[in-house]
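Okay, so here's the structure we're looking at.
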Protein chains: 2
Amino acid sequence: MRLTDAEWQVMNCLWEKHPATARGIAGRLPPEVKWAYTTIRTLLARLVEKGAVREYKEGNTSLYEPILSRENARRSALKTLVNQAFDGAYGPLMHFLLSDPALTPRQRQALEEAVKEQPEKRGGDSNDRDTQ
Amino acid sequence: MRLTDAEWQVMNCLWEKHPATARGIAGRLPPEVKWAYTTIRTLLARLVEKGAVREYKEGNTSLYEPILSRENARRSALKTLVNQAFDGAYGPLMHFLLSDPALTPRQRQALEEAVKEQPEKRGGDSNDRDTQ
DNA sequence: TGACTCTTACTACGTTTGTAGTAACATGTG
DNA sequence: CACATGTTACTACAAACGTAGTAAGAGTCA
């Protein structure tokens, strides 16, 4: 399951608190995101259509709830990144993390340990378990 | 600098060996990618336009060379991912990596150490150093 | 009951992305 | 020189994305 930038914003709000109404989500979006109510509605509709979110009615109001778990969305996004930018292996990613200047020396050392043992795991691209 | 999926494929070939011709890149794409020559040409043109690649002529043939470094492309992609999927902090990402069932116990422990010390670094979204 | 105010359903539209096609120009070869 | 072959320049076009508008129904309050 691939989420677009805008969809991530909406899903993040939904994971944080659900079920939620479109307006509730509008209220929990980061302050710099100022979308029209209808924009959020469109995004939710698209998410429902792709099976990431379930919609049900309470009175005439729609409530939304995530189907795709945060866990799986993350796993999927990370796999995509690793495949496209890190040769499909987690080792290079860790290596890269290592090079972050913001790490403390101890962190660096700990990570180094981990990388040394990394079993060069190739990213099998195949069947994402992405529901639940 | 944001790269699309297709652009990553091309850039990966370019980083591997450059300068390169469009046809050379075609030859180094992974076997499952079967693009028309003109498709690669279009992608290269878009990359040139966005400043990720430089093009120059040798005779009447175009040679291409990356301007955007792999390093920076990775950094940028990782930052985007972290911002959208991991609350803008590297800690949750490491946590997530930790949960990968493919880790050896020692790796897990080493990573755990690193995470414990993680300074909850918030993703300042701002000025990407993305050239060179 | 009429006027507001929400909510939904449907539609819209410019941009980006994936994926190419075609026409014209250059170059080497018989 | 005439032709085959490779190269470039330009154009195309459907799907996905970001971002929204409008019309019509439903609840609510004076």
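Convention: chains lettered A, B, ... in structure tokens order; per-chain residue numbering from 1; ligands numbered from 1 as shown.
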Exercise: C:DA20 partners within 9 Å, only C-alpha atoms (C1' of nucleotides), chain neighbours under 2 positions left out, as a PyMOL selection string: (chain B and resi 35-36+38-39) or (chain C and resi 18) or (chain D and resi 12)
DSSP on the backbone: what in stretch 20-127 of chain B comes out alpha helix (DSSP H), as an MDAnalysis selection string? chainID B and resid 22:28 37:49 70:85 90:98 105:117
Same residues, C-alpha atoms, saved as a PDB file, in the first residue's frame:
```pdb
ATOM      1  CA  ALA B  22      21.280   7.102 -22.590  1.00  0.00           C
ATOM      2  CA  ARG B  23      21.931   3.776 -24.215  1.00  0.00           C
ATOM      3  CA  GLY B  24      24.536   2.922 -21.657  1.00  0.00           C
ATOM      4  CA  ILE B  25      22.016   3.537 -18.944  1.00  0.00           C
ATOM      5  CA  ALA B  26      19.494   1.387 -20.739  1.00  0.00           C
ATOM      6  CA  GLY B  27      22.023  -1.394 -20.526  1.00  0.00           C
ATOM      7  CA  ARG B  28      22.537  -1.038 -16.822  1.00  0.00           C
ATOM      8  CA  TYR B  37      15.095   4.359 -25.302  1.00  0.00           C
ATOM      9  CA  THR B  38      13.020   7.506 -25.575  1.00  0.00           C
ATOM     10  CA  THR B  39      11.609   6.967 -22.121  1.00  0.00           C
ATOM     11  CA  ILE B  40      15.070   7.049 -20.645  1.00  0.00           C
ATOM     12  CA  ARG B  41      15.769  10.119 -22.711  1.00  0.00           C
ATOM     13  CA  THR B  42      12.704  11.833 -21.297  1.00  0.00           C
ATOM     14  CA  LEU B  43      13.685  10.968 -17.760  1.00  0.00           C
ATOM     15  CA  LEU B  44      17.191  12.255 -18.301  1.00  0.00           C
ATOM     16  CA  ALA B  45      15.826  15.468 -19.737  1.00  0.00           C
ATOM     17  CA  ARG B  46      13.670  15.942 -16.665  1.00  0.00           C
ATOM     18  CA  LEU B  47      16.620  15.267 -14.414  1.00  0.00           C
ATOM     19  CA  VAL B  48      18.714  17.786 -16.289  1.00  0.00           C
ATOM     20  CA  GLU B  49      15.930  20.296 -16.015  1.00  0.00           C
ATOM     21  CA  ARG B  70      23.903   9.757  -4.049  1.00  0.00           C
ATOM     22  CA  GLU B  71      24.673  10.833  -0.529  1.00  0.00           C
ATOM     23  CA  ASN B  72      22.431  13.843  -0.751  1.00  0.00           C
ATOM     24  CA  ALA B  73      19.672  12.081  -2.594  1.00  0.00           C
ATOM     25  CA  ARG B  74      19.626   9.502   0.160  1.00  0.00           C
ATOM     26  CA  ARG B  75      19.676  12.057   2.887  1.00  0.00           C
ATOM     27  CA  SER B  76      16.830  13.883   1.325  1.00  0.00           C
ATOM     28  CA  ALA B  77      14.714  10.784   0.759  1.00  0.00           C
ATOM     29  CA  LEU B  78      15.307   9.604   4.269  1.00  0.00           C
ATOM     30  CA  LYS B  79      14.335  12.935   5.696  1.00  0.00           C
ATOM     31  CA  THR B  80      11.125  12.930   3.733  1.00  0.00           C
ATOM     32  CA  LEU B  81      10.296   9.466   4.970  1.00  0.00           C
ATOM     33  CA  VAL B  82      11.115  10.284   8.540  1.00  0.00           C
ATOM     34  CA  ASN B  83       9.013  13.408   8.417  1.00  0.00           C
ATOM     35  CA  GLN B  84       6.018  11.804   6.921  1.00  0.00           C
ATOM     36  CA  ALA B  85       6.019   8.424   8.552  1.00  0.00           C
ATOM     37  CA  TYR B  90      15.044   9.263  13.931  1.00  0.00           C
ATOM     38  CA  GLY B  91      14.253   7.524  17.195  1.00  0.00           C
ATOM     39  CA  PRO B  92      10.999   5.979  16.004  1.00  0.00           C
ATOM     40  CA  LEU B  93      12.707   4.898  12.822  1.00  0.00           C
ATOM     41  CA  MET B  94      15.380   3.085  14.734  1.00  0.00           C
ATOM     42  CA  HIS B  95      12.741   1.587  16.918  1.00  0.00           C
ATOM     43  CA  PHE B  96      11.060   0.345  13.863  1.00  0.00           C
ATOM     44  CA  LEU B  97      14.229  -1.090  12.441  1.00  0.00           C
ATOM     45  CA  LEU B  98      14.577  -2.854  15.754  1.00  0.00           C
ATOM     46  CA  PRO B 105      19.915 -10.857  18.759  1.00  0.00           C
ATOM     47  CA  ARG B 106      23.227  -9.054  18.903  1.00  0.00           C
ATOM     48  CA  GLN B 107      22.168  -6.535  16.311  1.00  0.00           C
ATOM     49  CA  ARG B 108      18.993  -5.986  18.181  1.00  0.00           C
ATOM     50  CA  GLN B 109      20.882  -5.302  21.331  1.00  0.00           C
ATOM     51  CA  ALA B 110      23.285  -2.957  19.667  1.00  0.00           C
ATOM     52  CA  LEU B 111      20.478  -1.024  18.101  1.00  0.00           C
ATOM     53  CA  GLU B 112      18.623  -0.890  21.356  1.00  0.00           C
ATOM     54  CA  GLU B 113      21.605   0.798  22.901  1.00  0.00           C
ATOM     55  CA  ALA B 114      21.587   3.378  20.176  1.00  0.00           C
ATOM     56  CA  VAL B 115      17.919   4.073  20.528  1.00  0.00           C
ATOM     57  CA  LYS B 116      18.149   4.563  24.253  1.00  0.00           C
ATOM     58  CA  GLU B 117      20.490   7.455  23.725  1.00  0.00           C
TER      59      GLU B 117
END
```
Fit target chain A, mobile chain B, all Cα in order, as a short mmCIF file (atom, residue, chain, number, x, y, z; two decimals) with N, CA and C atoms, in the first residue's frame:
```
data_model
loop_
_atom_site.label_atom_id
_atom_site.label_comp_id
_atom_site.auth_asym_id
_atom_site.auth_seq_id
_atom_site.Cartn_x
_atom_site.Cartn_y
_atom_site.Cartn_z
N MET B 1 0.86 -1.20 0.02
CA MET B 1 0.03 0.02 0.01
C MET B 1 0.88 1.27 0.00
N ARG B 2 0.74 2.05 -1.02
CA ARG B 2 1.54 3.24 -1.20
C ARG B 2 0.73 4.47 -0.83
N LEU B 3 1.20 5.31 0.06
CA LEU B 3 0.49 6.53 0.41
C LEU B 3 1.19 7.74 -0.19
N THR B 4 0.41 8.70 -0.62
CA THR B 4 1.01 9.94 -1.11
C THR B 4 1.29 10.86 0.08
N ASP B 5 1.97 11.93 -0.17
CA ASP B 5 2.30 12.89 0.89
C ASP B 5 1.05 13.34 1.63
N ALA B 6 0.06 13.77 0.85
CA ALA B 6 -1.15 14.28 1.47
C ALA B 6 -1.86 13.18 2.25
N GLU B 7 -1.82 11.97 1.72
CA GLU B 7 -2.48 10.86 2.41
C GLU B 7 -1.79 10.54 3.73
N TRP B 8 -0.51 10.68 3.77
CA TRP B 8 0.20 10.47 5.04
C TRP B 8 -0.31 11.43 6.11
N GLN B 9 -0.50 12.66 5.73
CA GLN B 9 -0.98 13.64 6.70
C GLN B 9 -2.31 13.19 7.29
N VAL B 10 -3.19 12.78 6.41
CA VAL B 10 -4.51 12.37 6.88
C VAL B 10 -4.39 11.12 7.75
N MET B 11 -3.63 10.15 7.28
CA MET B 11 -3.50 8.90 8.04
C MET B 11 -2.86 9.18 9.40
N ASN B 12 -1.91 10.05 9.44
CA ASN B 12 -1.29 10.35 10.73
C ASN B 12 -2.33 10.86 11.72
N CYS B 13 -3.23 11.70 11.26
CA CYS B 13 -4.29 12.19 12.14
C CYS B 13 -5.22 11.06 12.55
N LEU B 14 -5.50 10.20 11.62
CA LEU B 14 -6.43 9.10 11.91
C LEU B 14 -5.82 8.12 12.92
N TRP B 15 -4.55 7.85 12.75
CA TRP B 15 -3.94 6.91 13.68
C TRP B 15 -3.90 7.49 15.09
N GLU B 16 -3.72 8.79 15.12
CA GLU B 16 -3.62 9.46 16.41
C GLU B 16 -4.92 9.33 17.19
N LYS B 17 -6.03 9.40 16.48
CA LYS B 17 -7.33 9.33 17.15
C LYS B 17 -8.39 8.87 16.16
N HIS B 18 -9.07 7.81 16.50
CA HIS B 18 -10.12 7.33 15.62
C HIS B 18 -11.16 6.59 16.42
N PRO B 19 -12.37 6.47 15.89
CA PRO B 19 -12.83 7.05 14.62
C PRO B 19 -12.82 8.57 14.67
N ALA B 20 -12.83 9.17 13.51
CA ALA B 20 -12.78 10.63 13.43
C ALA B 20 -13.63 11.11 12.27
N THR B 21 -14.13 12.31 12.41
CA THR B 21 -14.86 12.92 11.30
C THR B 21 -13.87 13.72 10.46
N ALA B 22 -14.29 14.07 9.27
CA ALA B 22 -13.43 14.87 8.41
C ALA B 22 -13.05 16.16 9.12
N ARG B 23 -14.02 16.73 9.81
CA ARG B 23 -13.72 17.99 10.48
C ARG B 23 -12.77 17.78 11.66
N GLY B 24 -12.93 16.66 12.30
CA GLY B 24 -12.01 16.35 13.38
C GLY B 24 -10.58 16.24 12.87
N ILE B 25 -10.44 15.63 11.73
CA ILE B 25 -9.11 15.51 11.14
C ILE B 25 -8.57 16.88 10.79
N ALA B 26 -9.43 17.70 10.21
CA ALA B 26 -9.01 19.06 9.87
C ALA B 26 -8.39 19.72 11.10
N GLY B 27 -9.01 19.48 12.24
CA GLY B 27 -8.53 20.10 13.46
C GLY B 27 -7.20 19.57 13.94
N ARG B 28 -6.89 18.35 13.56
CA ARG B 28 -5.64 17.78 14.06
C ARG B 28 -4.50 17.83 13.06
N LEU B 29 -4.74 18.38 11.89
CA LEU B 29 -3.65 18.51 10.94
C LEU B 29 -2.63 19.52 11.47
N PRO B 30 -1.37 19.34 11.11
CA PRO B 30 -0.38 20.32 11.55
C PRO B 30 -0.78 21.71 11.08
N PRO B 31 -0.43 22.72 11.86
CA PRO B 31 -0.95 24.07 11.61
C PRO B 31 -0.59 24.62 10.23
N GLU B 32 0.54 24.16 9.69
CA GLU B 32 0.93 24.71 8.39
C GLU B 32 0.10 24.12 7.24
N VAL B 33 -0.64 23.06 7.53
CA VAL B 33 -1.49 22.48 6.50
C VAL B 33 -2.87 23.12 6.58
N LYS B 34 -3.20 23.89 5.58
CA LYS B 34 -4.51 24.56 5.62
C LYS B 34 -5.33 24.13 4.41
N TRP B 35 -5.97 22.99 4.54
CA TRP B 35 -6.74 22.49 3.42
C TRP B 35 -8.20 22.82 3.60
N ALA B 36 -8.87 22.97 2.47
CA ALA B 36 -10.31 23.11 2.52
C ALA B 36 -10.90 21.81 3.04
N TYR B 37 -12.02 21.94 3.68
CA TYR B 37 -12.72 20.77 4.19
C TYR B 37 -12.91 19.74 3.09
N THR B 38 -13.28 20.21 1.92
CA THR B 38 -13.54 19.30 0.81
C THR B 38 -12.28 18.57 0.35
N THR B 39 -11.16 19.20 0.54
CA THR B 39 -9.90 18.55 0.17
C THR B 39 -9.69 17.31 1.04
N ILE B 40 -9.91 17.50 2.33
CA ILE B 40 -9.76 16.38 3.25
C ILE B 40 -10.76 15.28 2.89
N ARG B 41 -11.96 15.72 2.56
CA ARG B 41 -12.98 14.77 2.14
C ARG B 41 -12.51 13.95 0.92
N THR B 42 -11.94 14.63 -0.03
CA THR B 42 -11.46 13.95 -1.23
C THR B 42 -10.38 12.94 -0.87
N LEU B 43 -9.47 13.36 -0.03
CA LEU B 43 -8.38 12.46 0.36
C LEU B 43 -8.93 11.24 1.09
N LEU B 44 -9.88 11.48 1.98
CA LEU B 44 -10.47 10.36 2.70
C LEU B 44 -11.17 9.42 1.72
N ALA B 45 -11.85 9.98 0.76
CA ALA B 45 -12.54 9.13 -0.21
C ALA B 45 -11.52 8.27 -0.95
N ARG B 46 -10.42 8.86 -1.33
CA ARG B 46 -9.40 8.08 -2.03
C ARG B 46 -8.82 7.01 -1.13
N LEU B 47 -8.66 7.32 0.12
CA LEU B 47 -8.13 6.32 1.05
C LEU B 47 -9.11 5.17 1.26
N VAL B 48 -10.39 5.53 1.31
CA VAL B 48 -11.40 4.48 1.44
C VAL B 48 -11.35 3.60 0.20
N GLU B 49 -11.27 4.25 -0.94
CA GLU B 49 -11.27 3.51 -2.19
C GLU B 49 -10.11 2.54 -2.29
N LYS B 50 -8.97 2.96 -1.79
CA LYS B 50 -7.82 2.04 -1.87
C LYS B 50 -7.74 1.10 -0.67
N GLY B 51 -8.74 1.15 0.19
CA GLY B 51 -8.79 0.18 1.26
C GLY B 51 -7.93 0.48 2.47
N ALA B 52 -7.47 1.70 2.61
CA ALA B 52 -6.64 2.04 3.76
C ALA B 52 -7.48 2.51 4.92
N VAL B 53 -8.71 2.90 4.62
CA VAL B 53 -9.59 3.49 5.63
C VAL B 53 -10.99 2.93 5.44
N ARG B 54 -11.71 2.78 6.57
CA ARG B 54 -13.10 2.36 6.48
C ARG B 54 -13.99 3.54 6.86
N GLU B 55 -15.11 3.63 6.21
CA GLU B 55 -16.03 4.74 6.47
C GLU B 55 -17.36 4.16 6.89
N TYR B 56 -17.95 4.74 7.90
CA TYR B 56 -19.31 4.33 8.26
C TYR B 56 -20.07 5.53 8.78
N LYS B 57 -21.39 5.39 8.78
CA LYS B 57 -22.24 6.54 9.10
C LYS B 57 -22.74 6.48 10.51
N GLU B 58 -22.77 7.63 11.10
CA GLU B 58 -23.47 7.77 12.37
C GLU B 58 -24.43 8.91 12.12
N GLY B 59 -25.72 8.59 12.05
CA GLY B 59 -26.66 9.60 11.55
C GLY B 59 -26.27 9.85 10.10
N ASN B 60 -26.17 11.09 9.73
CA ASN B 60 -25.74 11.34 8.34
C ASN B 60 -24.27 11.75 8.27
N THR B 61 -23.59 11.57 9.37
CA THR B 61 -22.19 11.99 9.40
C THR B 61 -21.26 10.80 9.18
N SER B 62 -20.26 10.99 8.38
CA SER B 62 -19.30 9.92 8.12
C SER B 62 -18.22 9.88 9.18
N LEU B 63 -17.97 8.68 9.67
CA LEU B 63 -16.84 8.49 10.57
C LEU B 63 -15.81 7.64 9.86
N TYR B 64 -14.57 7.90 10.15
CA TYR B 64 -13.49 7.20 9.46
C TYR B 64 -12.60 6.51 10.47
N GLU B 65 -12.03 5.41 10.01
CA GLU B 65 -11.20 4.59 10.88
C GLU B 65 -10.14 3.94 10.00
N PRO B 66 -8.92 3.89 10.48
CA PRO B 66 -7.88 3.27 9.65
C PRO B 66 -8.08 1.77 9.54
N ILE B 67 -7.81 1.24 8.40
CA ILE B 67 -7.73 -0.22 8.23
C ILE B 67 -6.24 -0.56 8.16
N LEU B 68 -5.54 0.14 7.32
CA LEU B 68 -4.09 -0.01 7.22
C LEU B 68 -3.47 0.43 8.55
N SER B 69 -2.65 -0.40 9.12
CA SER B 69 -2.02 -0.02 10.38
C SER B 69 -0.80 0.86 10.12
N ARG B 70 -0.51 1.68 11.08
CA ARG B 70 0.67 2.54 11.01
C ARG B 70 1.91 1.67 10.78
N GLU B 71 1.98 0.64 11.58
CA GLU B 71 3.04 -0.35 11.45
C GLU B 71 3.27 -0.77 10.00
N ASN B 72 2.22 -1.19 9.36
CA ASN B 72 2.37 -1.68 8.00
C ASN B 72 2.65 -0.58 7.00
N ALA B 73 2.08 0.57 7.23
CA ALA B 73 2.35 1.68 6.33
C ALA B 73 3.84 2.02 6.42
N ARG B 74 4.35 2.04 7.63
CA ARG B 74 5.76 2.32 7.82
C ARG B 74 6.63 1.27 7.16
N ARG B 75 6.29 0.04 7.39
CA ARG B 75 7.09 -1.03 6.83
C ARG B 75 7.15 -0.91 5.31
N SER B 76 6.01 -0.63 4.77
CA SER B 76 5.92 -0.54 3.33
C SER B 76 6.74 0.64 2.79
N ALA B 77 6.62 1.77 3.45
CA ALA B 77 7.33 2.97 3.00
C ALA B 77 8.83 2.75 3.11
N LEU B 78 9.21 2.12 4.20
CA LEU B 78 10.64 1.89 4.41
C LEU B 78 11.18 0.94 3.35
N LYS B 79 10.41 -0.06 3.06
CA LYS B 79 10.86 -1.01 2.04
C LYS B 79 11.02 -0.33 0.69
N THR B 80 10.08 0.50 0.36
CA THR B 80 10.19 1.24 -0.90
C THR B 80 11.46 2.07 -0.91
N LEU B 81 11.69 2.78 0.16
CA LEU B 81 12.88 3.62 0.22
C LEU B 81 14.15 2.79 0.09
N VAL B 82 14.19 1.72 0.85
CA VAL B 82 15.38 0.89 0.84
C VAL B 82 15.62 0.32 -0.56
N ASN B 83 14.55 -0.08 -1.20
CA ASN B 83 14.71 -0.63 -2.54
C ASN B 83 15.19 0.40 -3.53
N GLN B 84 14.64 1.59 -3.42
CA GLN B 84 15.00 2.53 -4.46
C GLN B 84 16.29 3.27 -4.18
N ALA B 85 16.59 3.47 -2.94
CA ALA B 85 17.74 4.33 -2.63
C ALA B 85 18.89 3.61 -1.95
N PHE B 86 18.64 2.43 -1.40
CA PHE B 86 19.70 1.77 -0.65
C PHE B 86 19.97 0.35 -1.11
N ASP B 87 19.91 0.15 -2.40
CA ASP B 87 20.26 -1.15 -2.98
C ASP B 87 19.42 -2.30 -2.43
N GLY B 88 18.28 -2.00 -1.88
CA GLY B 88 17.42 -3.05 -1.40
C GLY B 88 17.90 -3.75 -0.14
N ALA B 89 18.89 -3.19 0.51
CA ALA B 89 19.43 -3.85 1.70
C ALA B 89 19.44 -2.89 2.88
N TYR B 90 19.24 -3.41 4.05
CA TYR B 90 19.18 -2.56 5.22
C TYR B 90 20.57 -2.11 5.66
N GLY B 91 21.57 -2.88 5.31
CA GLY B 91 22.93 -2.53 5.69
C GLY B 91 23.31 -1.13 5.27
N PRO B 92 23.20 -0.82 3.98
CA PRO B 92 23.55 0.54 3.55
C PRO B 92 22.74 1.61 4.27
N LEU B 93 21.50 1.30 4.56
CA LEU B 93 20.69 2.29 5.28
C LEU B 93 21.28 2.56 6.64
N MET B 94 21.64 1.49 7.32
CA MET B 94 22.21 1.68 8.65
C MET B 94 23.53 2.44 8.56
N HIS B 95 24.28 2.08 7.55
CA HIS B 95 25.52 2.79 7.32
C HIS B 95 25.27 4.27 7.19
N PHE B 96 24.23 4.55 6.47
CA PHE B 96 23.91 5.93 6.21
C PHE B 96 23.51 6.63 7.50
N LEU B 97 22.67 5.96 8.25
CA LEU B 97 22.25 6.50 9.53
C LEU B 97 23.48 6.82 10.37
N LEU B 98 24.42 5.91 10.29
CA LEU B 98 25.69 6.07 11.01
C LEU B 98 26.37 7.39 10.70
N SER B 99 26.26 7.81 9.46
CA SER B 99 27.01 8.99 9.05
C SER B 99 26.34 10.28 9.50
N ASP B 100 25.19 10.15 10.12
CA ASP B 100 24.52 11.34 10.60
C ASP B 100 25.37 12.02 11.67
N PRO B 101 25.70 13.27 11.46
CA PRO B 101 26.59 13.95 12.40
C PRO B 101 25.94 14.18 13.76
N ALA B 102 24.65 13.98 13.84
CA ALA B 102 23.96 14.26 15.11
C ALA B 102 24.04 13.10 16.10
N LEU B 103 24.65 12.01 15.70
CA LEU B 103 24.74 10.88 16.61
C LEU B 103 25.80 11.12 17.69
N THR B 104 25.51 10.62 18.86
CA THR B 104 26.54 10.65 19.91
C THR B 104 27.53 9.55 19.60
N PRO B 105 28.74 9.68 20.12
CA PRO B 105 29.75 8.65 19.87
C PRO B 105 29.28 7.26 20.29
N ARG B 106 28.56 7.20 21.38
CA ARG B 106 28.11 5.88 21.84
C ARG B 106 27.08 5.29 20.88
N GLN B 107 26.18 6.12 20.42
CA GLN B 107 25.21 5.65 19.44
C GLN B 107 25.92 5.14 18.21
N ARG B 108 26.89 5.92 17.79
CA ARG B 108 27.62 5.54 16.59
C ARG B 108 28.23 4.15 16.78
N GLN B 109 28.80 3.98 17.93
CA GLN B 109 29.46 2.70 18.17
C GLN B 109 28.47 1.54 18.19
N ALA B 110 27.37 1.82 18.85
CA ALA B 110 26.34 0.77 18.92
C ALA B 110 25.83 0.42 17.53
N LEU B 111 25.61 1.42 16.75
CA LEU B 111 25.12 1.17 15.40
C LEU B 111 26.16 0.43 14.58
N GLU B 112 27.39 0.83 14.78
CA GLU B 112 28.46 0.17 14.02
C GLU B 112 28.44 -1.34 14.29
N GLU B 113 28.27 -1.67 15.53
CA GLU B 113 28.18 -3.08 15.89
C GLU B 113 27.09 -3.77 15.06
N ALA B 114 25.95 -3.11 15.05
CA ALA B 114 24.82 -3.70 14.35
C ALA B 114 25.12 -3.90 12.87
N VAL B 115 25.73 -2.89 12.29
CA VAL B 115 26.01 -2.97 10.87
C VAL B 115 26.99 -4.10 10.56
N LYS B 116 27.97 -4.25 11.41
CA LYS B 116 28.95 -5.30 11.16
C LYS B 116 28.29 -6.65 10.98
N GLU B 117 27.25 -6.87 11.75
CA GLU B 117 26.61 -8.19 11.69
C GLU B 117 25.52 -8.30 10.65
N GLN B 118 25.24 -7.20 10.00
CA GLN B 118 24.09 -7.17 9.09
C GLN B 118 24.18 -8.24 8.00
N PRO B 119 23.19 -9.05 7.86
CA PRO B 119 23.24 -10.17 6.90
C PRO B 119 22.86 -9.76 5.48
N GLU B 120 23.23 -8.59 5.04
CA GLU B 120 23.01 -8.17 3.65
C GLU B 120 21.69 -8.67 3.08
N LYS B 121 20.65 -8.36 3.78
CA LYS B 121 19.33 -8.88 3.42
C LYS B 121 18.78 -8.17 2.19
N ARG B 122 18.63 -8.89 1.10
CA ARG B 122 18.11 -8.31 -0.15
C ARG B 122 16.63 -8.06 -0.05
N GLY B 123 16.17 -6.96 -0.63
CA GLY B 123 14.76 -6.60 -0.53
C GLY B 123 13.89 -7.43 -1.43
N GLY B 124 13.34 -8.52 -0.91
CA GLY B 124 12.36 -9.27 -1.68
C GLY B 124 11.16 -8.35 -1.85
N ASP B 125 10.84 -8.01 -3.07
CA ASP B 125 9.90 -6.93 -3.31
C ASP B 125 8.47 -7.34 -3.13
N SER B 126 8.26 -8.59 -3.04
CA SER B 126 6.98 -9.22 -3.32
C SER B 126 5.85 -8.88 -2.38
N ASN B 127 5.22 -9.88 -1.86
CA ASN B 127 3.92 -9.72 -1.22
C ASN B 127 3.96 -8.97 0.10
N ASP B 128 3.57 -7.74 0.05
CA ASP B 128 3.44 -6.94 1.25
C ASP B 128 2.24 -7.40 2.06
N ARG B 129 2.46 -7.78 3.27
CA ARG B 129 1.36 -7.91 4.23
C ARG B 129 1.01 -6.50 4.64
N ASP B 130 -0.01 -5.94 4.03
CA ASP B 130 -0.22 -4.55 4.40
C ASP B 130 -1.57 -4.26 5.02
N THR B 131 -2.33 -5.27 5.25
CA THR B 131 -3.62 -5.02 5.87
C THR B 131 -3.60 -5.59 7.28
N GLN B 132 -4.03 -4.76 8.17
CA GLN B 132 -3.97 -5.08 9.60
C GLN B 132 -2.57 -5.04 10.13
#
```
Taking only C-alpha atoms (C1' of nucleotides) into account, produce a table as JSON lines in which each residue of chain C with an atom at most 12 Å from an atom of chain A appears once, together with its shortest atom pair and the distance in Å to one decimal, ordered by chain and rising number.
```
{"residue": "C:DC6", "atom": "C1'", "partner": "A:Thr61", "partner_atom": "CA", "distance": 9.4}
{"residue": "C:DT7", "atom": "C1'", "partner": "A:Thr61", "partner_atom": "CA", "distance": 6.6}
{"residue": "C:DT8", "atom": "C1'", "partner": "A:Asn60", "partner_atom": "CA", "distance": 8.2}
{"residue": "C:DA9", "atom": "C1'", "partner": "A:Arg41", "partner_atom": "CA", "distance": 10.8}
{"residue": "C:DC10", "atom": "C1'", "partner": "A:Thr42", "partner_atom": "CA", "distance": 10.8}
{"residue": "C:DT11", "atom": "C1'", "partner": "A:Thr42", "partner_atom": "CA", "distance": 11.4}
```
What's the separation between atom C1' of D:DT7 and atom C1' of C:DT15, in Å to one decimal place?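 Atom-to-atom, atom C1' of D:DT7 and atom C1' of C:DT15 are spaced 29.7 Å apart.
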Quick check, in Å to one decimal: how far apart do atom C1' of D:DG18 and atom C1' of C:DT5 lie?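 Separation of atom C1' of D:DG18 and atom C1' of C:DT5: 27.6 Å.
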If we count only C-alpha atoms (C1' of nucleotides), what is near C:DT22 at a cut-off of 10 Å, once residues fewer than 2 positions away on the same chain are taken out, given as a list in words?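 Returned residues: DA24 of chain C; DC10 and DT11 of chain D.
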Please identify which residues in stretch 38-86 of chain A DSSP calls strand (DSSP E or B) from the backbone, and express them as a ChimeraX atom specification. /A:53-58,61-66
Suppose we keep N, CA and C atoms; can you now write the selection as a compact mmCIF listing (two decimals), in the first residue's frame?
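Result written to part-v6.txt:
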```
# COMPACT_ATOMS: atom_id res chain seq x y z
N VAL A 53 -8.73 2.91 4.58
CA VAL A 53 -9.61 3.49 5.59
C VAL A 53 -11.02 2.93 5.38
N ARG A 54 -11.73 2.77 6.52
CA ARG A 54 -13.12 2.36 6.42
C ARG A 54 -13.99 3.54 6.81
N GLU A 55 -15.14 3.66 6.14
CA GLU A 55 -16.04 4.77 6.42
C GLU A 55 -17.38 4.20 6.84
N TYR A 56 -17.97 4.76 7.86
CA TYR A 56 -19.33 4.35 8.21
C TYR A 56 -20.09 5.55 8.73
N LYS A 57 -21.41 5.41 8.74
CA LYS A 57 -22.25 6.56 9.06
C LYS A 57 -22.75 6.50 10.49
N GLU A 58 -22.78 7.64 11.08
CA GLU A 58 -23.47 7.78 12.35
C GLU A 58 -24.44 8.93 12.10
N THR A 61 -23.60 11.58 9.36
CA THR A 61 -22.20 11.99 9.39
C THR A 61 -21.27 10.80 9.17
N SER A 62 -20.27 11.00 8.37
CA SER A 62 -19.31 9.92 8.11
C SER A 62 -18.23 9.88 9.18
N LEU A 63 -17.98 8.69 9.66
CA LEU A 63 -16.85 8.49 10.55
C LEU A 63 -15.83 7.63 9.81
N TYR A 64 -14.57 7.91 10.12
CA TYR A 64 -13.49 7.19 9.43
C TYR A 64 -12.61 6.49 10.42
N GLU A 65 -12.06 5.39 9.98
CA GLU A 65 -11.23 4.57 10.83
C GLU A 65 -10.16 3.93 9.96
N PRO A 66 -8.94 3.87 10.43
CA PRO A 66 -7.90 3.25 9.61
C PRO A 66 -8.11 1.74 9.49
```
Distance in Å - atom C1' of C:DG2 versus atom C1' of D:DA30: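 These two atoms are separated by 9.7 Å.
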Within 9 Å of chain A, which residues of chain D show up when using only C-alpha atoms (C1' of nucleotides), listed as JSON, numbers by chain? {"D": [17, 18, 19, 20, 21, 26]}
Of the listed residues D:DA14, D:DA9, D:DC29, D:DA4, that which approaches C:DT27 most closely, counting only C-alpha atoms (C1' of nucleotides):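 Looking only at the distances to C:DT27, the closest residue turns out to be D:DA4.
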Might you pull out every residue within 12 Å of C:DG28, with only C-alpha atoms (C1' of nucleotides) counted and same-chain residues fewer than 4 positions away left off, and present them as an NGL selection string? :D and (3-6)
